[in-house]
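First up is the structure itself, then whatever we jot down about it.
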Amino acid sequence: MGAGVGVVQPLKAMIGTINQAAWRSFMAVLSASLNVMVNLTRIYTSTGDNGDTRLADNSVVPKTDPRIAAVGAIDEANCAIGVALTLNPGPEITSVLQAVQNDLFGLGADTVTADDVARLEDWCDRFNAELPPLRSFVLPGGCPLAAQLHVARAVVRRAELAGWQANQAGENPSVLRYLNRLSDLLFILARYANRREGTSEALWSHH
C-alpha cells in the first residue's frame with residue numbers, strides 16, 4: 001500500500017485557496033499549543049475562564065470552536081498512546097508508538113506529509129501480514145495493551161472527524177489522511193498485541 005504513494009508538497013499545497021485560511025487557523029492552534037508546552041513557566045493563566053481562548057493570530061474564539069475540539073482530540077489521542085506505552089508493548093510496537101507521538105506533535109508545525117502517511121500504511125501492512133483474516137467485527141478488549149490501543153484508536157477517529165469539521169473542505173490533506181491511517185494502524189496493533197499475548201479476540205455476533 002505505502003510503497004506506491006509518491007512524494008507530494010506539504011499540506012498548504014494541497015488545500016484550495018478558499019479553505020486555506022480556516023485550515024491554517026486550525027493548524028495555528030496546534031502550533032501555539034506546542035509553543036506553550038515548551039516555553040510556559042506558569043501553568044495556569046485564568047485567561048480562558050469566560051469560555052474563550054485565543055488563536056495564534058491573537059483572535060478570540062469560543063472554546064466550543066471546532067478547531068479547539070480538533071486540538072483537544074489530538075492531544076487526548078497522544079495521551080491515550082502514552083498510556084499504551086506504559087503497558088510493556090515490546091520494542092517493535094514501542095518504536096512505532098513513539099514515532100506516532102512525535103508525529104502528532106508535528107501536526108502543529110504542518111510537517112506531516114504523504115511520506116508520513118505512507119509510513120503508517122507500511123506499518124499497517126507489516127503487522128497485518130502476521131494476523132489471521134477477520135471473520136467478523138472485533139469487539140474492543142482483550143489484553144490490557146490491546147484494550148488501550150482500541151481506546152487510542154477511537155480517540156484518533158474522533159480527532160479525524162473534528163479535523164474535518166474544522167477544515168470544512170472536500171479536500172483530503174495529509175494531516176487528515178494521517179489520522180485516518182493512524183486509526184487503522186492502532187486497530188491492527190491491538191489485534192497484534194492480543195495475538196502476541198495469546199489472548200483470543202472477542203468477535204461481534206449478530207443475534
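FYI, nothing fancy with the C-alpha cells labels: chains A, B, ... in order, residues from 1 per chain, ligands from 1 as they appear.
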
- May I have the residues within 12 Å of Asn102 (chain A) as a ChimeraX atom specification, using only C-alpha atoms and disregarding those fewer than 2 positions away in the same chain? /A:34,74-75,78-79,81-82,95-100,104-109,111-112,116

- Message: I need the residue nearest Gly142 (chain A) from this list: A:Ala190, A:Leu85, A:Ala70, A:Val156. Use only C-alpha atoms for the distance.
- Response: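 Nearest to Gly142 (chain A): A:Ala190.
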
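Between Ala152 (chain A) and the candidates A:Ala118, A:Leu185, A:Ile93, A:Ile68, the tightest atom-to-atom separation, counting only C-alpha atoms, involves A:Leu185.
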
- Near Val83 (chain A), within 12 Å and counting only C-alpha atoms, which residues show up once chain neighbours fewer than 2 positions away are dropped, as JSON, numbers by chain? {"A": [76, 77, 78, 79, 80, 81, 85, 86, 87, 88, 89, 94, 97, 98, 101, 144, 145, 146, 147, 148, 149, 150, 151, 152]}

Restricted to N, CA and C atoms, what would the selected residues look like written as a tab-separated table (two decimals), in the first residue's frame?
chain	number	residue	atom	x	y	z
A	76	GLU	N	-5.65	14.35	23.29
A	76	GLU	CA	-6.16	13.18	24.00
A	76	GLU	C	-5.66	11.88	23.37
A	77	ALA	N	-5.60	11.85	22.05
A	77	ALA	CA	-5.08	10.67	21.36
A	77	ALA	C	-3.63	10.41	21.74
A	78	ASN	N	-2.85	11.47	21.80
A	78	ASN	CA	-1.45	11.32	22.18
A	78	ASN	C	-1.33	10.79	23.60
A	79	CYS	N	-2.20	11.28	24.50
A	79	CYS	CA	-2.18	10.80	25.88
A	79	CYS	C	-2.57	9.33	25.95
A	80	ALA	N	-3.57	8.93	25.16
A	80	ALA	CA	-4.01	7.53	25.15
A	80	ALA	C	-2.89	6.62	24.66
A	81	ILE	N	-2.14	7.07	23.68
A	81	ILE	CA	-0.99	6.30	23.20
A	81	ILE	C	0.08	6.24	24.27
A	85	LEU	N	1.94	2.93	26.01
A	85	LEU	CA	3.39	2.74	26.13
A	85	LEU	C	3.81	2.29	27.52
A	86	THR	N	2.95	2.46	28.51
A	86	THR	CA	3.28	2.01	29.87
A	86	THR	C	2.94	0.54	30.08
A	87	LEU	N	2.33	-0.09	29.10
A	87	LEU	CA	1.83	-1.46	29.25
A	87	LEU	C	2.75	-2.50	28.61
A	88	ASN	N	4.04	-2.21	28.60
A	88	ASN	CA	5.05	-3.14	28.10
A	88	ASN	C	4.74	-3.67	26.71
A	89	PRO	N	4.65	-2.76	25.73
A	89	PRO	CA	4.29	-3.22	24.37
A	89	PRO	C	5.40	-3.94	23.63
A	94	THR	N	6.71	-0.38	20.59
A	94	THR	CA	7.17	0.85	21.26
A	94	THR	C	7.74	1.84	20.27
A	97	LEU	N	4.89	3.43	18.26
A	97	LEU	CA	4.06	4.36	19.02
A	97	LEU	C	4.82	5.63	19.37
A	98	GLN	N	6.10	5.51	19.67
A	98	GLN	CA	6.89	6.71	19.96
A	98	GLN	C	7.02	7.59	18.74
A	101	GLN	N	3.72	9.40	18.36
A	101	GLN	CA	3.58	10.51	19.30
A	101	GLN	C	4.30	11.76	18.80
A	144	PRO	N	-4.64	-6.01	28.33
A	144	PRO	CA	-4.65	-4.57	28.65
A	144	PRO	C	-4.09	-3.69	27.54
A	145	LEU	N	-3.00	-4.11	26.91
A	145	LEU	CA	-2.41	-3.30	25.85
A	145	LEU	C	-3.37	-3.17	24.68
A	146	ALA	N	-3.97	-4.27	24.26
A	146	ALA	CA	-4.91	-4.22	23.14
A	146	ALA	C	-6.10	-3.33	23.47
A	147	ALA	N	-6.61	-3.46	24.69
A	147	ALA	CA	-7.76	-2.64	25.08
A	147	ALA	C	-7.41	-1.16	25.03
A	148	GLN	N	-6.21	-0.79	25.48
A	148	GLN	CA	-5.81	0.61	25.47
A	148	GLN	C	-5.56	1.11	24.05
A	149	LEU	N	-5.05	0.26	23.19
A	149	LEU	CA	-4.86	0.64	21.80
A	149	LEU	C	-6.20	0.89	21.11
A	150	HIS	N	-7.22	0.14	21.51
A	150	HIS	CA	-8.56	0.40	20.99
A	150	HIS	C	-9.08	1.76	21.47
A	151	VAL	N	-8.79	2.10	22.73
A	151	VAL	CA	-9.18	3.42	23.23
A	151	VAL	C	-8.50	4.50	22.39
A	152	ALA	N	-7.19	4.35	22.17
A	152	ALA	CA	-6.45	5.33	21.37
A	152	ALA	C	-7.03	5.41	19.96

- In Å, how far is it from CA of Ser174 (chain A) to CA of Arg126 (chain A)? 21.3 Å

- Message: Show me, as a VMD selection string, the residues that have an atom within 9 Å of Asp184 (chain A) when counting only C-alpha atoms, minus same-chain residues fewer than 5 positions from it.
- Response: chain A and resid 120 to 121 124 153 179 189

- Would you list the contacts of region 62-66 of chain A as an NGL selection string, taking every protein, DNA or RNA residue within 8 Å and counting only C-alpha atoms, but skipping same-chain residues closer than 6 positions in sequence? :A and (51-53 or 162-163 or 165-166)

- Of A:Arg119, A:Arg67, A:Arg157, A:Arg135, the one sitting nearest Ser183 (chain A) when using only C-alpha atoms is A:Arg157

- With only C-alpha atoms as the basis for distance, which of A:Ala202, A:Ala73, A:Val61, A:Ala84 is at the shortest distance from Leu139 (chain A)?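 Of the candidates, the smallest distance to Leu139 (chain A) is held by A:Ala202.
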